[in-house]
file protein.cif (mmCIF, C-alpha atoms)
data_input
loop_
_atom_site.label_atom_id
_atom_site.label_comp_id
_atom_site.auth_asym_id
_atom_site.auth_seq_id
_atom_site.Cartn_x
_atom_site.Cartn_y
_atom_site.Cartn_z
CA MET L 1 83.17 160.03 83.55
CA GLU L 2 79.92 160.94 85.20
CA CYS L 3 77.83 158.50 83.10
CA ILE L 4 78.63 155.37 81.13
CA LYS L 5 76.57 153.11 78.88
CA LEU L 6 76.84 149.31 78.96
CA ASN L 7 74.47 146.82 77.29
CA ASP L 8 72.12 149.67 76.31
CA LYS L 9 71.83 150.68 79.98
CA THR L 10 72.99 153.98 81.44
CA PHE L 11 74.88 154.17 84.72
CA ARG L 12 75.79 157.32 86.69
CA LYS L 13 78.76 157.68 89.03
CA VAL L 14 77.78 157.37 92.69
CA LEU L 15 81.16 156.71 94.35
CA ALA L 16 84.60 157.92 93.32
CA LYS L 17 87.60 155.64 93.75
CA GLU L 18 88.99 157.94 96.45
CA GLN L 19 85.82 157.51 98.53
CA ILE L 20 85.98 153.74 98.12
CA ILE L 21 89.65 153.61 99.16
CA GLU L 22 88.89 155.73 102.23
CA LYS L 23 86.14 153.30 103.31
CA ILE L 24 88.37 150.27 102.69
CA THR L 25 91.19 151.86 104.71
CA THR L 26 88.83 152.45 107.63
CA LEU L 27 87.62 148.85 107.44
CA THR L 28 91.13 147.40 107.45
CA LYS L 29 92.05 149.28 110.62
CA ARG L 30 89.46 147.18 112.47
CA MET L 31 90.54 143.97 110.74
CA ASN L 32 94.20 144.68 111.55
CA GLU L 33 93.28 144.90 115.23
CA ASP L 34 91.20 141.72 115.09
CA TYR L 35 93.86 139.61 113.35
CA ALA L 36 97.03 141.10 114.87
CA HIS L 37 97.68 138.16 117.18
CA CYS L 38 96.73 135.11 115.12
CA GLU L 39 98.99 132.10 115.65
CA GLN L 40 98.82 131.27 111.92
CA PRO L 41 98.19 133.69 109.08
CA PRO L 42 94.47 133.82 108.23
CA ILE L 43 93.31 132.41 104.92
CA VAL L 44 91.59 135.03 102.79
CA ILE L 45 89.18 133.51 100.26
CA GLY L 46 88.20 135.95 97.53
CA MET L 47 84.98 135.27 95.66
CA LEU L 48 85.64 135.50 91.92
CA ASN L 49 85.06 137.24 89.69
CA GLY L 50 83.78 140.35 91.42
CA ALA L 51 85.88 140.48 94.58
CA PHE L 52 89.31 140.52 92.93
CA MET L 53 89.67 144.33 93.06
CA PHE L 54 88.33 144.67 96.61
CA CYS L 55 90.43 141.72 97.78
CA SER L 56 93.54 143.40 96.39
CA GLU L 57 92.80 146.80 97.94
CA LEU L 58 91.86 145.18 101.26
CA THR L 59 94.81 142.84 101.66
CA GLN L 60 97.37 145.46 100.62
CA ARG L 61 96.36 147.38 103.75
CA PHE L 62 96.69 144.41 106.13
CA THR L 63 99.43 144.69 108.72
CA PHE L 64 99.34 140.93 109.28
CA ASP L 65 100.40 138.07 107.03
CA CYS L 66 97.72 136.13 105.20
CA VAL L 67 97.26 133.40 102.61
CA ILE L 68 95.15 134.58 99.65
CA THR L 69 93.16 132.16 97.52
CA PHE L 70 89.99 132.32 95.43
CA VAL L 71 86.83 130.34 94.75
CA LYS L 72 84.36 131.07 91.98
CA MET L 73 80.60 130.99 92.41
CA GLN L 74 77.87 132.66 90.40
CA SER L 75 74.29 133.75 91.01
CA TYR L 76 73.68 136.75 88.68
CA ILE L 77 72.38 136.83 85.12
CA GLY L 78 72.42 140.40 83.81
CA THR L 79 70.96 142.67 86.51
CA GLU L 80 68.96 139.94 88.26
CA SER L 81 69.95 137.28 90.74
CA SER L 82 69.08 133.84 89.40
CA GLY L 83 68.48 132.61 92.96
CA ASN L 84 70.74 129.64 92.27
CA VAL L 85 74.43 129.42 93.10
CA CYS L 86 76.76 127.34 90.94
CA LYS L 87 80.12 126.37 92.43
CA LEU L 88 82.54 126.70 89.56
CA ILE L 89 86.03 126.46 91.09
CA GLY L 90 86.59 124.82 94.46
CA LEU L 91 88.73 125.38 97.49
CA GLU L 92 92.42 124.47 97.12
CA HIS L 93 93.70 125.03 100.69
CA ASN L 94 93.14 123.12 103.90
CA ILE L 95 91.23 125.53 106.14
CA SER L 96 90.72 123.15 109.07
CA GLU L 97 91.47 124.94 112.36
CA ARG L 98 92.44 128.12 110.48
CA ASP L 99 90.99 131.63 110.69
CA VAL L 100 89.22 132.26 107.39
CA ILE L 101 87.99 135.54 105.89
CA ILE L 102 85.58 135.30 102.94
CA VAL L 103 86.01 138.41 100.76
CA GLU L 104 83.06 139.40 98.58
CA ASP L 105 82.47 142.44 96.38
CA ILE L 106 78.83 142.88 97.37
CA VAL L 107 76.35 141.13 99.62
CA GLU L 108 72.79 141.74 98.54
CA THR L 109 70.30 138.89 99.12
CA GLY L 110 73.11 136.79 100.58
CA THR L 111 72.49 133.70 98.44
CA THR L 112 76.11 133.40 97.30
CA ILE L 113 77.66 134.17 100.68
CA ASN L 114 75.30 131.74 102.42
CA GLU L 115 76.30 128.97 100.01
CA ALA L 116 80.00 129.75 100.46
CA TRP L 117 79.57 129.88 104.25
CA GLN L 118 77.86 126.47 104.32
CA MET L 119 80.51 124.96 102.06
CA LEU L 120 83.40 126.32 104.13
CA GLN L 121 81.87 125.42 107.53
CA LYS L 122 82.10 121.76 106.50
CA HIS L 123 85.91 122.13 106.48
CA ASN L 124 86.03 122.99 110.22
CA PRO L 125 87.69 126.42 110.19
CA ARG L 126 88.79 127.87 113.55
CA SER L 127 86.83 131.02 112.68
CA LEU L 128 84.92 132.14 109.61
CA LYS L 129 84.12 135.80 108.90
CA VAL L 130 82.81 137.74 105.91
CA ALA L 131 84.34 140.96 104.56
CA THR L 132 82.47 142.75 101.79
CA MET L 133 83.03 146.03 100.02
CA MET L 134 79.31 146.76 99.73
CA PHE L 135 76.37 145.52 101.80
CA LYS L 136 72.66 145.95 101.04
CA PRO L 137 71.10 145.19 104.46
CA GLU L 138 67.51 145.80 103.30
CA ALA L 139 67.82 143.01 100.71
CA TYR L 140 69.72 140.53 102.95
CA LYS L 141 67.81 137.26 103.60
CA TYR L 142 70.20 135.02 105.57
CA ASP L 143 71.65 134.66 109.07
CA VAL L 144 75.32 134.55 108.08
CA PRO L 145 76.89 137.45 110.00
CA ILE L 146 78.44 140.13 107.80
CA GLU L 147 81.27 141.00 110.19
CA TYR L 148 83.14 143.48 108.00
CA TYR L 149 81.75 145.81 105.35
CA ALA L 150 83.24 148.95 103.88
CA MET L 151 79.84 150.56 103.22
CA ASN L 152 76.08 150.05 103.28
CA ILE L 153 74.44 150.98 100.02
CA PRO L 154 70.85 151.34 98.81
CA GLY L 155 69.16 148.84 96.49
CA ASP L 156 70.50 150.26 93.21
CA PHE L 157 72.12 147.90 90.71
CA ILE L 158 75.77 148.97 90.57
CA ILE L 159 78.86 148.29 88.48
CA GLY L 160 82.54 149.19 88.73
CA CYS L 161 85.33 148.33 91.16
CA GLY L 162 84.87 144.63 90.33
CA LEU L 163 81.06 144.70 90.00
CA ASP L 164 79.66 144.00 86.54
CA ILE L 165 76.77 143.58 84.18
CA ASP L 166 77.31 140.49 82.04
CA GLY L 167 81.08 140.78 82.56
CA LEU L 168 81.27 144.47 81.61
CA GLY L 169 82.17 147.35 83.91
CA ARG L 170 84.41 145.52 86.42
CA ASN L 171 87.42 147.56 85.30
CA TYR L 172 86.02 150.97 86.24
CA PRO L 173 87.70 152.30 89.41
CA ASP L 174 84.56 154.26 90.38
CA VAL L 175 81.13 152.81 91.19
CA TYR L 176 78.13 153.55 88.97
CA ALA L 177 74.42 152.99 89.63
CA LEU L 178 71.89 151.98 86.99
CA VAL L 179 69.75 154.88 85.82
CA GLU L 180 66.17 153.68 85.42
CA ASP L 181 64.58 154.70 82.12
#

call {"tool": "encode", "arguments": {"input": "protein.cif", "output": "structure tokens"}}
result
Amino acid sequence: MECIKLNDKTFRKVLAKEQIIEKITTLTKRMNEDYAHCEQPPIVIGMLNGAFMFCSELTQRFTFDCVITFVKMQSYIGTESSGNVCKLIGLEHNISERDVIIVEDIVETGTTINEAWQMLQKHNPRSLKVATMMFKPEAYKYDVPIEYYAMNIPGDFIIGCGLDIDGLGRNYPDVYALVED
């Protein structure tokens, strides 16, 4: 489908699943090199709800063992960031002295990733890095380093491949951008 309609908004396809998979595969080559010699398997923390699809595609391409867990935080209401992050489900694994990879679907302003970073730093990880499917560097407002990203994207509001509008659109394998009226 070239266009879809959700919540009375029209979205047009901007990235096909094959393009996304190609970018994720390229990203994991670098991560596989970086984590090849870890003493303990890294802990991958996926940010729910959006990162579940990216986390799956990413970790299936790892050539190293890892522990996969999830936390849930929220900062979006519709197409706008609320500016506030609510921690909904907490961390269930001890990450002290462990290599930790935070997996996010998209990093835009960075509010959510900054909050997660601050929360996880308090648990004394050996290392803490961020992997995101999509990164909007022109909108980013924080100093947390975005070590791994599959692609830079412009400022469009997007859905698909885990990204949503009010819970809709996550299931699309392609990525769609909002068409302004």

call {"tool": "resolve_selection", "arguments": {"input": "protein.cif", "expression": "the PyMOL selection byres ((chain L and resi 42-54) around 8)", "output": "ChimeraX atom specification"}}
result
/L:35,38,40-41,55-58,65-73,95,98-106,133,161-164,170

call {"tool": "residues_around", "arguments": {"input": "protein.cif", "residues": "Thr63 of chain L", "least_positions_apart": "6", "cutoff": "12 Å", "atoms": "all atoms listed in the file", "output": "PyMOL selection string"}}
result
chain L and resi 25+28-38+41-42

call {"tool": "resolve_selection", "arguments": {"input": "protein.cif", "expression": "the PyMOL selection byres ((chain L and resi 172) around 8)", "output": "short mmCIF file (atom, residue, chain, number, x, y, z; two decimals) with C-alpha atoms, in the frame of the given file"}}
result
data_model
loop_
_atom_site.label_atom_id
_atom_site.label_comp_id
_atom_site.auth_asym_id
_atom_site.auth_seq_id
_atom_site.Cartn_x
_atom_site.Cartn_y
_atom_site.Cartn_z
CA ILE L 159 78.86 148.29 88.48
CA GLY L 160 82.54 149.19 88.73
CA CYS L 161 85.33 148.33 91.16
CA GLY L 162 84.87 144.63 90.33
CA GLY L 169 82.17 147.35 83.91
CA ARG L 170 84.41 145.52 86.42
CA ASN L 171 87.42 147.56 85.30
CA PRO L 173 87.70 152.30 89.41
CA ASP L 174 84.56 154.26 90.38
CA VAL L 175 81.13 152.81 91.19
#

call {"tool": "resolve_selection", "arguments": {"input": "protein.cif", "expression": "the PyMOL selection byres ((chain L and resi 135-147) around 12)", "output": "ChimeraX atom specification"}}
result
/L:27,30-31,34,81,83,101-118,121,127-134,148-158

call {"tool": "atom_distance", "arguments": {"input": "protein.cif", "atom1": "atom CA of Ile165 of chain L", "atom2": "atom CA of Ile4 of chain L"}}
result
12.3 Å

call {"tool": "atom_distance", "arguments": {"input": "protein.cif", "atom1": "atom CA of Gly90 of chain L", "atom2": "atom CA of Lys122 of chain L"}}
result
13.2 Å

call {"tool": "atom_distance", "arguments": {"input": "protein.cif", "atom1": "atom CA of Glu22 of chain L", "atom2": "atom CA of Met1 of chain L"}}
result
20.0 Å

call {"tool": "axis_aligned_box", "arguments": {"input": "protein.cif", "around": "segment 51-62 of chain L", "padding_each_side": "5 Å", "output": "AutoDock Vina command-line options"}}
result
--center_x 91.6 --center_y 143.9 --center_z 99.5 --size_x 21.5 --size_y 16.9 --size_z 23.2

call {"tool": "residues_around", "arguments": {"input": "protein.cif", "residues": "Glu97 of chain L", "least_positions_apart": "4", "cutoff": "7 Å", "atoms": "all atoms listed in the file", "output": "PyMOL selection string"}}
result
chain L and resi 124-126

call {"tool": "residues_around", "arguments": {"input": "protein.cif", "residues": "Val179 of chain L", "least_positions_apart": "4", "cutoff": "10 Å", "atoms": "only C-alpha atoms", "output": "mmCIF file with C-alpha atoms, in the frame of the given file"}}
result
data_model
loop_
_atom_site.group_PDB
_atom_site.id
_atom_site.type_symbol
_atom_site.label_atom_id
_atom_site.label_comp_id
_atom_site.auth_asym_id
_atom_site.auth_seq_id
_atom_site.Cartn_x
_atom_site.Cartn_y
_atom_site.Cartn_z
ATOM 1 C CA CYS L 3 77.830 158.500 83.100
ATOM 2 C CA LYS L 5 76.570 153.110 78.880
ATOM 3 C CA LYS L 9 71.830 150.680 79.980
ATOM 4 C CA THR L 10 72.990 153.980 81.440
ATOM 5 C CA PHE L 11 74.880 154.170 84.720
ATOM 6 C CA ARG L 12 75.790 157.320 86.690
ATOM 7 C CA LYS L 13 78.760 157.680 89.030
ATOM 8 C CA ASP L 156 70.500 150.260 93.210
ATOM 9 C CA PHE L 157 72.120 147.900 90.710
ATOM 10 C CA ILE L 158 75.770 148.970 90.570
#

call {"tool": "decode", "arguments": {"input": "protein.cif", "residues": "segment 121-157 of chain L", "atoms": "N, CA, C and O atoms", "output": "short mmCIF file (atom, residue, chain, number, x, y, z; two decimals), in the first residue's frame"}}
result
data_model
loop_
_atom_site.label_atom_id
_atom_site.label_comp_id
_atom_site.auth_asym_id
_atom_site.auth_seq_id
_atom_site.Cartn_x
_atom_site.Cartn_y
_atom_site.Cartn_z
N GLN L 121 21.55 4.36 34.53
CA GLN L 121 22.88 4.73 35.06
C GLN L 121 22.94 4.52 36.57
O GLN L 121 23.99 4.18 37.11
N LYS L 122 21.83 4.70 37.25
CA LYS L 122 21.78 4.53 38.70
C LYS L 122 22.04 3.08 39.12
O LYS L 122 22.33 2.82 40.28
N HIS L 123 21.92 2.15 38.19
CA HIS L 123 22.13 0.72 38.47
C HIS L 123 23.56 0.26 38.18
O HIS L 123 23.82 -0.93 38.19
N ASN L 124 24.45 1.19 37.87
CA ASN L 124 25.88 0.93 37.70
C ASN L 124 26.21 -0.11 36.62
O ASN L 124 26.91 -1.08 36.87
N PRO L 125 25.71 0.09 35.39
CA PRO L 125 26.09 -0.84 34.33
C PRO L 125 27.58 -0.69 33.96
O PRO L 125 28.15 0.39 34.15
N ARG L 126 28.19 -1.75 33.47
CA ARG L 126 29.58 -1.68 33.00
C ARG L 126 29.67 -0.71 31.82
O ARG L 126 30.55 0.12 31.74
N SER L 127 28.73 -0.85 30.87
CA SER L 127 28.61 0.09 29.76
C SER L 127 27.13 0.23 29.43
O SER L 127 26.33 -0.66 29.72
N LEU L 128 26.79 1.37 28.85
CA LEU L 128 25.40 1.65 28.50
C LEU L 128 25.40 2.35 27.14
O LEU L 128 25.99 3.42 26.99
N LYS L 129 24.77 1.71 26.15
CA LYS L 129 24.72 2.27 24.81
C LYS L 129 23.29 2.23 24.29
O LYS L 129 22.48 1.42 24.74
N VAL L 130 23.00 3.11 23.34
CA VAL L 130 21.67 3.22 22.75
C VAL L 130 21.72 2.72 21.30
O VAL L 130 22.62 3.09 20.54
N ALA L 131 20.75 1.89 20.94
CA ALA L 131 20.55 1.46 19.55
C ALA L 131 19.12 1.85 19.17
O ALA L 131 18.18 1.49 19.86
N THR L 132 18.98 2.59 18.09
CA THR L 132 17.65 3.00 17.64
C THR L 132 17.50 2.73 16.15
O THR L 132 18.47 2.80 15.39
N MET L 133 16.29 2.40 15.76
CA MET L 133 16.03 2.17 14.35
C MET L 133 16.10 3.49 13.59
O MET L 133 16.73 3.58 12.55
N MET L 134 15.48 4.53 14.15
CA MET L 134 15.42 5.82 13.47
C MET L 134 15.88 6.92 14.42
O MET L 134 15.55 6.91 15.60
N PHE L 135 16.63 7.86 13.87
CA PHE L 135 17.17 8.97 14.65
C PHE L 135 16.89 10.27 13.90
O PHE L 135 17.13 10.36 12.69
N LYS L 136 16.34 11.26 14.63
CA LYS L 136 16.08 12.59 14.07
C LYS L 136 17.07 13.57 14.71
O LYS L 136 16.73 14.24 15.69
N PRO L 137 18.29 13.66 14.18
CA PRO L 137 19.32 14.48 14.85
C PRO L 137 18.96 15.96 14.96
O PRO L 137 19.35 16.61 15.94
N GLU L 138 18.19 16.50 14.03
CA GLU L 138 17.85 17.93 14.08
C GLU L 138 16.88 18.24 15.22
O GLU L 138 16.79 19.39 15.66
N ALA L 139 16.18 17.25 15.73
CA ALA L 139 15.23 17.46 16.83
C ALA L 139 15.82 17.08 18.19
O ALA L 139 15.23 17.40 19.22
N TYR L 140 16.99 16.43 18.19
CA TYR L 140 17.57 15.87 19.42
C TYR L 140 18.05 16.98 20.36
O TYR L 140 18.77 17.89 19.93
N LYS L 141 17.69 16.88 21.66
CA LYS L 141 17.96 17.95 22.63
C LYS L 141 18.86 17.53 23.80
O LYS L 141 19.08 18.33 24.70
N TYR L 142 19.36 16.32 23.82
CA TYR L 142 20.09 15.83 25.00
C TYR L 142 21.51 15.42 24.64
O TYR L 142 21.89 15.40 23.47
N ASP L 143 22.30 15.11 25.67
CA ASP L 143 23.70 14.72 25.49
C ASP L 143 23.93 13.22 25.51
O ASP L 143 25.07 12.78 25.37
N VAL L 144 22.89 12.44 25.71
CA VAL L 144 23.05 10.99 25.71
C VAL L 144 23.54 10.58 24.32
O VAL L 144 22.89 10.90 23.32
N PRO L 145 24.68 9.89 24.24
CA PRO L 145 25.17 9.50 22.91
C PRO L 145 24.30 8.43 22.27
O PRO L 145 23.92 7.46 22.91
N ILE L 146 23.97 8.65 21.01
CA ILE L 146 23.20 7.66 20.24
C ILE L 146 24.25 6.89 19.44
O ILE L 146 24.62 7.26 18.33
N GLU L 147 24.74 5.83 20.07
CA GLU L 147 25.86 5.04 19.53
C GLU L 147 25.50 4.31 18.24
O GLU L 147 26.29 4.25 17.30
N TYR L 148 24.32 3.72 18.22
CA TYR L 148 23.92 2.89 17.07
C TYR L 148 22.57 3.36 16.54
O TYR L 148 21.61 3.45 17.30
N TYR L 149 22.51 3.65 15.26
CA TYR L 149 21.22 3.95 14.64
C TYR L 149 21.22 3.39 13.22
O TYR L 149 22.22 3.44 12.52
N ALA L 150 20.08 2.82 12.84
CA ALA L 150 19.97 2.22 11.52
C ALA L 150 19.86 3.30 10.44
O ALA L 150 20.39 3.13 9.35
N MET L 151 19.18 4.42 10.77
CA MET L 151 19.04 5.49 9.78
C MET L 151 18.67 6.82 10.42
O MET L 151 17.97 6.86 11.43
N ASN L 152 19.17 7.88 9.83
CA ASN L 152 18.74 9.25 10.15
C ASN L 152 17.51 9.52 9.29
O ASN L 152 17.47 9.12 8.13
N ILE L 153 16.55 10.21 9.87
CA ILE L 153 15.36 10.54 9.09
C ILE L 153 15.01 12.01 9.31
O ILE L 153 15.39 12.61 10.32
N PRO L 154 14.26 12.60 8.39
CA PRO L 154 13.83 13.99 8.57
C PRO L 154 12.76 14.09 9.65
O PRO L 154 12.35 13.08 10.24
N GLY L 155 12.23 15.27 9.87
CA GLY L 155 11.30 15.54 10.95
C GLY L 155 9.88 15.07 10.79
O GLY L 155 9.05 15.34 11.63
N ASP L 156 9.56 14.33 9.74
CA ASP L 156 8.20 13.85 9.51
C ASP L 156 7.71 12.98 10.67
O ASP L 156 8.48 12.25 11.27
N PHE L 157 6.41 13.02 10.93
CA PHE L 157 5.79 12.08 11.87
C PHE L 157 5.59 10.79 11.10
O PHE L 157 4.99 10.78 10.02
#
